[in-house]
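File shown: protein.cif. Contents: mmCIF, C-alpha atoms.
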data_data
loop_
_atom_site.label_atom_id
_atom_site.label_comp_id
_atom_site.auth_asym_id
_atom_site.auth_seq_id
_atom_site.Cartn_x
_atom_site.Cartn_y
_atom_site.Cartn_z
CA TYR N 8 99.00 88.72 103.57
CA ASN N 9 98.20 86.40 100.70
CA ALA N 10 101.67 84.87 101.02
CA LEU N 11 101.28 84.52 104.81
CA LYS N 12 97.94 82.80 104.25
CA ARG N 13 99.38 80.42 101.61
CA GLU N 14 102.26 79.57 103.95
CA GLY N 15 99.79 78.71 106.73
CA LYS N 16 101.12 81.40 109.06
CA LEU N 17 97.84 83.23 109.74
CA LEU N 18 95.18 82.29 112.25
CA GLN N 19 91.71 81.96 110.73
CA TYR N 20 89.50 84.45 112.58
CA LYS N 21 86.31 86.15 111.55
CA SER N 22 86.00 89.36 113.51
CA PRO N 23 82.49 90.35 114.53
CA ASN N 24 83.25 93.67 112.85
CA HIS N 25 83.89 92.20 109.40
CA LYS N 26 80.34 93.32 108.62
CA TYR N 27 81.61 96.93 108.75
CA VAL N 28 84.45 96.32 106.30
CA PHE N 29 84.10 96.79 102.54
CA PRO N 30 83.40 93.20 101.34
CA ASP N 31 86.27 93.17 98.84
CA TRP N 32 88.66 93.84 101.72
CA VAL N 33 87.73 90.75 103.71
CA ASP N 34 89.56 87.54 102.88
CA ARG N 35 86.92 84.99 101.84
CA ASP N 36 88.43 82.46 104.27
CA SER N 37 88.64 84.99 107.16
CA TYR N 38 92.42 85.05 107.57
CA TYR N 39 92.77 88.85 107.27
CA SER N 40 90.83 91.96 106.36
CA GLY N 41 91.38 95.60 105.53
CA VAL N 42 91.20 98.03 108.43
CA ARG N 43 92.01 101.41 106.93
CA MET N 44 92.76 103.09 103.66
CA ASN N 45 95.88 105.08 102.89
CA ILE N 46 95.72 107.58 100.05
CA MET N 47 98.86 108.77 98.27
CA GLY N 48 98.47 112.08 96.54
CA ILE N 49 100.34 115.34 96.03
CA ALA N 50 101.23 117.53 98.99
CA TYR N 51 102.49 121.08 98.78
CA ASN N 52 103.82 123.84 101.00
CA LYS N 53 101.15 126.58 101.07
CA LYS N 54 103.80 129.25 101.68
CA LEU N 55 105.72 128.30 98.54
CA VAL N 56 103.07 127.32 96.01
CA ALA N 57 100.39 129.70 94.78
CA VAL N 58 96.93 128.27 94.24
CA SER N 59 97.20 129.14 90.54
CA ASP N 60 100.39 127.01 90.28
CA LEU N 61 99.10 123.89 92.02
CA PRO N 62 99.84 120.65 90.18
CA LYS N 63 96.64 118.87 89.18
CA THR N 64 98.05 115.54 87.96
CA TRP N 65 101.00 113.27 88.73
CA TRP N 66 102.46 114.30 85.39
CA ASP N 67 102.45 117.95 86.50
CA LEU N 68 105.26 117.02 88.91
CA THR N 69 107.49 116.48 85.87
CA ASN N 70 107.04 120.10 84.71
CA PRO N 71 110.44 121.87 84.64
CA LYS N 72 109.09 124.58 87.01
CA TRP N 73 109.27 121.91 89.77
CA ARG N 74 112.83 120.82 88.90
CA GLY N 75 114.62 119.95 92.14
CA LYS N 76 111.54 120.88 94.20
CA VAL N 77 109.70 117.51 94.14
CA GLY N 78 110.07 114.78 96.74
CA MET N 79 108.80 111.25 97.14
CA PRO N 80 109.25 108.54 99.77
CA ASN N 81 111.69 105.75 98.94
CA PRO N 82 109.79 102.64 97.76
CA LEU N 83 112.58 100.44 99.15
CA LEU N 84 112.02 101.81 102.67
CA SER N 85 108.33 102.70 102.78
CA GLY N 86 105.54 100.18 102.19
CA THR N 87 103.05 102.81 101.05
CA ALA N 88 105.66 104.26 98.67
CA PHE N 89 106.34 100.76 97.33
CA VAL N 90 102.64 100.13 96.63
CA SER N 91 102.21 103.62 95.14
CA THR N 92 105.23 103.20 92.87
CA ALA N 93 104.02 99.77 91.77
CA GLY N 94 100.53 101.13 91.10
CA LEU N 95 101.72 104.11 89.09
CA ALA N 96 104.28 102.00 87.21
CA ALA N 97 101.53 99.52 86.26
CA SER N 98 99.14 102.29 85.21
CA PRO N 99 98.78 102.75 81.45
CA LYS N 100 98.53 106.51 82.10
CA HIS N 101 101.92 106.60 83.84
CA GLY N 102 104.22 103.58 83.68
CA TRP N 103 107.97 103.73 84.22
CA ARG N 104 108.17 106.70 81.85
CA PHE N 105 106.55 108.77 84.62
CA PHE N 106 109.35 107.87 87.05
CA GLU N 107 111.97 108.45 84.36
CA ALA N 108 110.51 111.93 83.84
CA LEU N 109 110.55 112.56 87.61
CA ARG N 110 114.21 111.51 87.69
CA LYS N 111 115.02 113.93 84.87
CA ASN N 112 113.29 116.61 86.95
CA ASN N 113 115.66 115.88 89.88
CA VAL N 114 113.08 114.29 92.18
CA THR N 115 114.37 113.87 95.73
CA CYS N 116 113.85 110.38 97.13
CA GLU N 117 113.45 110.57 100.90
CA PRO N 118 113.52 107.64 103.39
CA GLY N 119 109.77 107.82 104.07
CA ASN N 120 106.61 109.90 104.18
CA GLY N 121 107.75 111.68 107.36
CA ALA N 122 110.96 112.82 105.67
CA VAL N 123 109.02 114.19 102.68
CA GLU N 124 106.71 116.02 105.09
CA THR N 125 109.69 117.48 106.98
CA LYS N 126 111.33 118.75 103.80
CA LEU N 127 108.05 120.25 102.57
CA LEU N 128 107.57 122.07 105.88
CA SER N 129 111.18 123.32 105.92
CA GLY N 130 110.85 124.68 102.38
CA GLN N 131 113.50 122.36 100.95
CA LEU N 132 110.75 120.93 98.74
CA ALA N 133 107.69 122.66 97.31
CA VAL N 134 105.62 119.62 96.27
CA GLY N 135 105.76 115.88 96.67
CA MET N 136 104.12 112.50 96.87
CA LEU N 137 102.73 112.13 100.39
CA LEU N 138 100.06 110.30 102.31
CA GLU N 139 96.83 112.18 102.92
CA GLU N 140 96.98 111.30 106.63
CA ASN N 141 100.33 113.10 107.03
CA VAL N 142 98.92 116.26 105.46
CA LEU N 143 95.67 116.16 107.43
CA LYS N 144 97.55 115.77 110.71
CA ALA N 145 99.96 118.60 109.84
CA ALA N 146 97.10 120.88 108.73
CA ASN N 147 95.21 120.09 111.95
CA GLU N 148 98.32 121.28 113.82
CA GLY N 149 98.28 124.56 111.87
CA LYS N 150 101.20 123.66 109.60
CA PRO N 151 101.13 125.04 106.03
CA LEU N 152 100.57 121.84 104.06
CA GLY N 153 97.89 121.28 101.45
CA PHE N 154 96.81 118.10 99.69
CA ILE N 155 95.76 117.43 96.11
CA TYR N 156 93.90 114.38 94.85
CA PRO N 157 95.48 114.15 91.39
CA SER N 158 92.86 114.17 88.63
CA ASP N 159 94.66 111.23 87.00
CA GLY N 160 94.01 109.25 90.17
CA PRO N 161 95.38 109.20 93.70
CA VAL N 162 96.80 105.84 94.78
CA VAL N 163 94.52 104.01 97.23
CA ILE N 164 96.30 101.55 99.53
CA PRO N 165 94.19 99.34 101.80
CA ALA N 166 95.99 98.33 104.99
CA PRO N 167 95.18 94.82 106.27
CA ILE N 168 95.13 93.19 109.68
CA GLY N 169 95.59 89.53 110.54
CA ILE N 170 96.72 87.37 113.43
CA MET N 171 99.80 85.18 113.26
CA LYS N 172 99.21 81.55 114.27
CA THR N 173 102.25 81.78 116.54
CA THR N 174 100.97 84.75 118.55
CA LYS N 175 101.32 84.10 122.27
CA ASN N 176 98.13 85.90 123.26
CA GLN N 177 95.44 85.10 120.73
CA ALA N 178 92.69 86.57 122.93
CA ALA N 179 94.42 89.97 122.99
CA ALA N 180 95.09 89.81 119.25
CA LYS N 181 91.43 89.01 118.58
CA ALA N 182 90.39 91.93 120.81
CA VAL N 183 92.54 94.33 118.78
CA HIS N 184 91.26 92.83 115.54
CA ALA N 185 87.67 93.30 116.72
CA VAL N 186 87.86 96.93 117.83
CA SER N 187 84.54 98.52 116.99
CA PRO N 188 84.56 100.94 114.07
CA LYS N 189 82.79 103.35 116.42
CA THR N 190 85.69 103.27 118.90
CA LYS N 191 88.03 106.23 118.68
CA VAL N 192 91.43 104.58 119.09
CA LEU N 193 93.77 107.49 118.34
CA GLY N 194 93.26 111.10 119.46
#

Using C-alpha coordinates, write down the structure from this file.
Amino acid sequence: YNALKREGKLLQYKSPNHKYVFPDWVDRDSYYSGVRMNIMGIAYNKKLVAVSDLPKTWWDLTNPKWRGKVGMPNPLLSGTAFVSTAGLAASPKHGWRFFEALRKNNVTCEPGNGAVETKLLSGQLAVGMLLEENVLKAANEGKPLGFIYPSDGPVVIPAPIGIMKTTKNQAAAKAVHAVSPKTKVLG
(Lines of atoms letter the chains of each structure in order from A and count residues from 1; the text may use other names and numbers.)
(Lines give C-alpha, C1' and ligand atoms only; values in the text may rest on other atoms or scores of the structure.)
Protein backbone atom coordinates (compact mmCIF):
# COMPACT_ATOMS: atom_id res chain seq x y z
CA TYR A 1 0.00 0.00 0.00
CA ASN A 2 2.92 2.33 0.58
CA ALA A 3 4.15 1.59 -2.94
CA LEU A 4 0.66 2.13 -4.41
CA LYS A 5 0.48 5.45 -2.57
CA ARG A 6 3.94 6.55 -3.80
CA GLU A 7 2.97 5.61 -7.36
CA GLY A 8 -0.17 7.76 -7.10
CA LYS A 9 -2.50 4.81 -7.66
CA LEU A 10 -4.66 5.21 -4.54
CA LEU A 11 -7.60 7.53 -4.07
CA GLN A 12 -7.30 9.78 -1.03
CA TYR A 13 -10.32 9.04 1.15
CA LYS A 14 -10.87 9.46 4.85
CA SER A 15 -13.54 7.03 5.94
CA PRO A 16 -15.88 8.26 8.66
CA ASN A 17 -14.90 5.08 10.52
CA HIS A 18 -11.19 5.89 10.69
CA LYS A 19 -11.94 7.01 14.25
CA TYR A 20 -12.51 3.32 15.14
CA VAL A 21 -9.18 2.18 13.70
CA PHE A 22 -5.99 1.96 15.76
CA PRO A 23 -4.25 5.28 14.91
CA ASP A 24 -1.01 3.63 13.78
CA TRP A 25 -3.00 1.73 11.16
CA VAL A 26 -4.38 4.82 9.42
CA ASP A 27 -2.22 6.39 6.72
CA ARG A 28 -1.54 9.98 7.80
CA ASP A 29 -2.63 11.21 4.35
CA SER A 30 -5.80 9.04 4.31
CA TYR A 31 -4.93 6.82 1.35
CA TYR A 32 -5.47 3.51 3.20
CA SER A 33 -6.05 2.07 6.64
CA GLY A 34 -6.00 -1.23 8.47
CA VAL A 35 -9.30 -3.09 8.67
CA ARG A 36 -8.48 -6.33 10.44
CA MET A 37 -5.66 -8.17 12.11
CA ASN A 38 -4.41 -11.60 11.13
CA ILE A 39 -2.49 -13.58 13.72
CA MET A 40 -0.11 -16.37 12.73
CA GLY A 41 0.53 -18.87 15.47
CA ILE A 42 0.81 -22.62 15.97
CA ALA A 43 -2.12 -24.90 15.23
CA TYR A 44 -2.38 -28.53 16.22
CA ASN A 45 -4.64 -31.54 15.74
CA LYS A 46 -6.25 -32.24 19.14
CA LYS A 47 -6.58 -35.94 18.30
CA LEU A 48 -2.85 -36.30 17.66
CA VAL A 49 -1.19 -33.99 20.18
CA ALA A 50 -1.54 -34.41 23.93
CA VAL A 51 -1.86 -31.25 25.99
CA SER A 52 1.40 -32.15 27.77
CA ASP A 53 3.21 -32.25 24.39
CA LEU A 54 1.96 -28.94 23.01
CA PRO A 55 4.67 -26.73 21.52
CA LYS A 56 4.96 -23.45 23.40
CA THR A 57 7.35 -21.55 21.12
CA TRP A 58 8.18 -21.38 17.42
CA TRP A 59 11.46 -23.09 18.24
CA ASP A 60 9.56 -26.05 19.69
CA LEU A 61 8.53 -26.90 16.11
CA THR A 62 12.17 -27.76 15.42
CA ASN A 63 12.19 -30.47 18.12
CA PRO A 64 12.95 -33.88 16.53
CA LYS A 65 9.69 -35.29 17.97
CA TRP A 66 7.88 -33.19 15.31
CA ARG A 67 10.13 -34.35 12.43
CA GLY A 68 7.98 -34.64 9.31
CA LYS A 69 4.85 -33.61 11.25
CA VAL A 70 5.12 -29.80 10.88
CA GLY A 71 3.55 -27.75 8.12
CA MET A 72 3.61 -24.13 7.06
CA PRO A 73 2.03 -22.15 4.23
CA ASN A 74 4.29 -21.28 1.30
CA PRO A 75 5.49 -17.65 1.59
CA LEU A 76 5.68 -17.44 -2.22
CA LEU A 77 1.97 -18.21 -2.54
CA SER A 78 0.41 -16.81 0.64
CA GLY A 79 0.64 -13.15 1.65
CA THR A 80 0.21 -13.89 5.35
CA ALA A 81 2.88 -16.60 5.14
CA PHE A 82 5.19 -14.13 3.37
CA VAL A 83 4.75 -11.50 6.09
CA SER A 84 5.11 -14.12 8.84
CA THR A 85 8.29 -15.53 7.31
CA ALA A 86 9.72 -12.04 6.87
CA GLY A 87 8.84 -11.16 10.47
CA LEU A 88 10.34 -14.29 11.96
CA ALA A 89 13.41 -14.05 9.72
CA ALA A 90 13.97 -10.45 10.88
CA SER A 91 13.45 -11.36 14.54
CA PRO A 92 16.65 -11.56 16.61
CA LYS A 93 15.06 -14.49 18.48
CA HIS A 94 14.58 -16.49 15.28
CA GLY A 95 16.23 -15.35 12.05
CA TRP A 96 16.94 -17.62 9.10
CA ARG A 97 18.44 -20.18 11.48
CA PHE A 98 14.88 -20.93 12.62
CA PHE A 99 13.82 -21.78 9.06
CA GLU A 100 16.99 -23.78 8.52
CA ALA A 101 16.13 -25.79 11.64
CA LEU A 102 12.56 -26.29 10.37
CA ARG A 103 13.96 -27.54 7.05
CA LYS A 104 16.21 -30.02 8.87
CA ASN A 105 13.08 -31.19 10.71
CA ASN A 106 11.38 -31.92 7.35
CA VAL A 107 8.81 -29.12 7.50
CA THR A 108 6.11 -29.49 4.84
CA CYS A 109 5.53 -26.32 2.84
CA GLU A 110 1.90 -26.21 1.68
CA PRO A 111 0.38 -23.83 -0.93
CA GLY A 112 -1.54 -21.82 1.69
CA ASN A 113 -3.20 -21.71 5.09
CA GLY A 114 -6.14 -23.78 3.85
CA ALA A 115 -3.82 -26.58 2.74
CA VAL A 116 -2.08 -26.61 6.14
CA GLU A 117 -5.48 -26.75 7.83
CA THR A 118 -6.58 -29.65 5.58
CA LYS A 119 -3.44 -31.66 6.33
CA LEU A 120 -3.78 -31.01 10.07
CA LEU A 121 -7.39 -32.20 10.01
CA SER A 122 -6.54 -35.29 7.94
CA GLY A 123 -3.75 -36.25 10.37
CA GLN A 124 -1.00 -35.89 7.76
CA LEU A 125 0.44 -33.15 9.99
CA ALA A 126 0.30 -32.83 13.77
CA VAL A 127 1.31 -29.16 14.15
CA GLY A 128 1.91 -26.17 11.94
CA MET A 129 2.00 -22.46 11.32
CA LEU A 130 -1.57 -21.34 10.72
CA LEU A 131 -3.77 -18.28 10.97
CA GLU A 132 -5.85 -17.95 14.10
CA GLU A 133 -8.98 -17.29 12.00
CA ASN A 134 -8.66 -20.68 10.27
CA VAL A 135 -8.47 -22.47 13.62
CA LEU A 136 -11.32 -20.50 15.18
CA LYS A 137 -13.59 -21.23 12.22
CA ALA A 138 -12.69 -24.94 12.25
CA ALA A 139 -13.18 -25.17 16.03
CA ASN A 140 -16.55 -23.41 15.71
CA GLU A 141 -17.52 -26.15 13.23
CA GLY A 142 -16.55 -28.83 15.77
CA LYS A 143 -13.29 -29.79 14.06
CA PRO A 144 -10.40 -30.92 16.30
CA LEU A 145 -8.01 -28.00 15.86
CA GLY A 146 -6.39 -26.02 18.66
CA PHE A 147 -4.38 -22.81 18.54
CA ILE A 148 -1.30 -21.70 20.45
CA TYR A 149 -0.03 -18.15 20.77
CA PRO A 150 3.71 -18.89 20.90
CA SER A 151 5.34 -17.43 24.01
CA ASP A 152 8.15 -16.08 21.80
CA GLY A 153 5.53 -14.05 19.95
CA PRO A 154 2.79 -14.77 17.44
CA VAL A 155 3.09 -12.83 14.19
CA VAL A 156 0.55 -10.00 13.93
CA ILE A 157 -0.35 -8.99 10.37
CA PRO A 158 -2.58 -5.94 9.85
CA ALA A 159 -4.64 -6.12 6.66
CA PRO A 160 -5.22 -2.78 4.91
CA ILE A 161 -7.94 -1.38 2.70
CA GLY A 162 -7.68 1.36 0.10
CA ILE A 163 -9.41 2.50 -3.07
CA MET A 164 -7.69 2.53 -6.44
CA LYS A 165 -7.92 5.84 -8.31
CA THR A 166 -9.03 3.93 -11.40
CA THR A 167 -12.01 2.25 -9.73
CA LYS A 168 -15.13 2.61 -11.87
CA ASN A 169 -17.53 2.98 -8.95
CA GLN A 170 -15.93 5.16 -6.31
CA ALA A 171 -19.20 5.56 -4.40
CA ALA A 172 -19.52 1.79 -3.94
CA ALA A 173 -15.84 1.50 -2.98
CA LYS A 174 -16.25 4.25 -0.39
CA ALA A 175 -19.35 2.48 0.99
CA VAL A 176 -17.37 -0.74 1.47
CA HIS A 177 -14.48 1.20 2.99
CA ALA A 178 -16.86 2.89 5.42
CA VAL A 179 -18.70 -0.18 6.71
CA SER A 180 -19.43 0.42 10.37
CA PRO A 181 -17.35 -1.60 12.82
CA LYS A 182 -20.67 -2.53 14.43
CA THR A 183 -21.94 -4.11 11.20
CA LYS A 184 -21.69 -7.88 11.08
CA VAL A 185 -20.53 -8.48 7.50
CA LEU A 186 -19.78 -12.22 7.58
CA GLY A 187 -21.85 -14.87 9.38

Closest-contact table, region 134-175 of chain N side, partner region 20-28 of chain N, 12 Å, counting only C-alpha atoms, as a tab-separated table:
residue	atom	partner	partner_atom	distance
N:Pro165	CA	N:Val28	CA	11.1
N:Ala166	CA	N:Val28	CA	11.8
N:Pro167	CA	N:Val28	CA	10.8
N:Ile168	CA	N:Ser22	CA	10.6
N:Gly169	CA	N:Tyr20	CA	8.2
N:Ile170	CA	N:Tyr20	CA	7.8
N:Met171	CA	N:Tyr20	CA	10.3
N:Lys172	CA	N:Tyr20	CA	10.3

Residue IDs satisfying the PyMOL selection byres ((chain N and resi 41-54) around 6), as JSON, numbers by chain: {"N": [32, 40, 55, 56, 127, 133, 134, 135, 136, 137, 138, 139, 151, 152, 153, 154, 155, 156, 161, 162, 163, 164, 165, 166, 167]}

Using the selection just defined, write its residues with C-alpha atoms as a tab-separated table (two decimals), keeping the file's coordinate frame.
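Below is the file that was written, part-v2.tsv:
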chain	number	residue	atom	x	y	z
N	32	TRP	CA	88.66	93.84	101.72
N	40	SER	CA	90.83	91.96	106.36
N	55	LEU	CA	105.72	128.30	98.54
N	56	VAL	CA	103.07	127.32	96.01
N	127	LEU	CA	108.05	120.25	102.57
N	133	ALA	CA	107.69	122.66	97.31
N	134	VAL	CA	105.62	119.62	96.27
N	135	GLY	CA	105.76	115.88	96.67
N	136	MET	CA	104.12	112.50	96.87
N	137	LEU	CA	102.73	112.13	100.39
N	138	LEU	CA	100.06	110.30	102.31
N	139	GLU	CA	96.83	112.18	102.92
N	151	PRO	CA	101.13	125.04	106.03
N	152	LEU	CA	100.57	121.84	104.06
N	153	GLY	CA	97.89	121.28	101.45
N	154	PHE	CA	96.81	118.10	99.69
N	155	ILE	CA	95.76	117.43	96.11
N	156	TYR	CA	93.90	114.38	94.85
N	161	PRO	CA	95.38	109.20	93.70
N	162	VAL	CA	96.80	105.84	94.78
N	163	VAL	CA	94.52	104.01	97.23
N	164	ILE	CA	96.30	101.55	99.53
N	165	PRO	CA	94.19	99.34	101.80
N	166	ALA	CA	95.99	98.33	104.99
N	167	PRO	CA	95.18	94.82	106.27

Separation of CA of Pro157 (chain N) from CA of Ser129 (chain N), in Å and rounded to one decimal: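 If I compute the distance from CA of Pro157 (chain N) to CA of Ser129 (chain N), I get 23.3 Å.
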
Result set, the PyMOL selection byres ((chain N and resi 116-121) around 9) on current file, as a PyMOL selection string: chain N and resi 77-88+114-115+122-126+136-138+141

Resolved residues for the PyMOL selection byres ((chain N and resi 99-106) around 12) as a PDB file with C-alpha atoms, in the coordinates of the input:
ATOM      1  CA  THR N  64      98.050 115.540  87.960  1.00  0.00           C
ATOM      2  CA  TRP N  65     101.000 113.270  88.730  1.00  0.00           C
ATOM      3  CA  TRP N  66     102.460 114.300  85.390  1.00  0.00           C
ATOM      4  CA  ASP N  67     102.450 117.950  86.500  1.00  0.00           C
ATOM      5  CA  LEU N  68     105.260 117.020  88.910  1.00  0.00           C
ATOM      6  CA  THR N  69     107.490 116.480  85.870  1.00  0.00           C
ATOM      7  CA  ASN N  70     107.040 120.100  84.710  1.00  0.00           C
ATOM      8  CA  VAL N  77     109.700 117.510  94.140  1.00  0.00           C
ATOM      9  CA  GLY N  78     110.070 114.780  96.740  1.00  0.00           C
ATOM     10  CA  MET N  79     108.800 111.250  97.140  1.00  0.00           C
ATOM     11  CA  PRO N  82     109.790 102.640  97.760  1.00  0.00           C
ATOM     12  CA  SER N  91     102.210 103.620  95.140  1.00  0.00           C
ATOM     13  CA  THR N  92     105.230 103.200  92.870  1.00  0.00           C
ATOM     14  CA  ALA N  93     104.020  99.770  91.770  1.00  0.00           C
ATOM     15  CA  GLY N  94     100.530 101.130  91.100  1.00  0.00           C
ATOM     16  CA  LEU N  95     101.720 104.110  89.090  1.00  0.00           C
ATOM     17  CA  ALA N  96     104.280 102.000  87.210  1.00  0.00           C
ATOM     18  CA  ALA N  97     101.530  99.520  86.260  1.00  0.00           C
ATOM     19  CA  SER N  98      99.140 102.290  85.210  1.00  0.00           C
ATOM     20  CA  GLU N 107     111.970 108.450  84.360  1.00  0.00           C
ATOM     21  CA  ALA N 108     110.510 111.930  83.840  1.00  0.00           C
ATOM     22  CA  LEU N 109     110.550 112.560  87.610  1.00  0.00           C
ATOM     23  CA  ARG N 110     114.210 111.510  87.690  1.00  0.00           C
ATOM     24  CA  LYS N 111     115.020 113.930  84.870  1.00  0.00           C
ATOM     25  CA  ASN N 112     113.290 116.610  86.950  1.00  0.00           C
ATOM     26  CA  ASN N 113     115.660 115.880  89.880  1.00  0.00           C
ATOM     27  CA  VAL N 114     113.080 114.290  92.180  1.00  0.00           C
ATOM     28  CA  THR N 115     114.370 113.870  95.730  1.00  0.00           C
ATOM     29  CA  CYS N 116     113.850 110.380  97.130  1.00  0.00           C
ATOM     30  CA  SER N 158      92.860 114.170  88.630  1.00  0.00           C
ATOM     31  CA  ASP N 159      94.660 111.230  87.000  1.00  0.00           C
ATOM     32  CA  GLY N 160      94.010 109.250  90.170  1.00  0.00           C
TER      33      GLY N 160
END

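Coordinates place CA of Leu17 (chain N) at a distance of 10.9 Å from CA of Asp36 (chain N).
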
Taking all atoms of region 69-85 of chain N that appear in the file, build a box with edges along x, y and z, extend it by 6 Å on every side, and state its centre and edge lengths in Å to one decimal, as lines of an AutoDock Vina configuration file.
center_x = 110.8
center_y = 112.5
center_z = 93.7
size_x = 19.6
size_y = 36.1
size_z = 30.1

Distance of CA of Gln131 (chain N) from CA of Asp60 (chain N), expressed in Å to one decimal place: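 So the answer is 17.5 Å.
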
Pick from N:Thr173, N:Phe29, N:Val58, N:Gly130, whichever lies nearest to Gly15 (chain N) using all atoms listed in the file: N:Thr173

Closest of N:Tyr38, N:Lys72, N:Leu18, N:Ala145 to Thr174 (chain N) - atom-to-atom distances counting all atoms listed in the file: N:Leu18
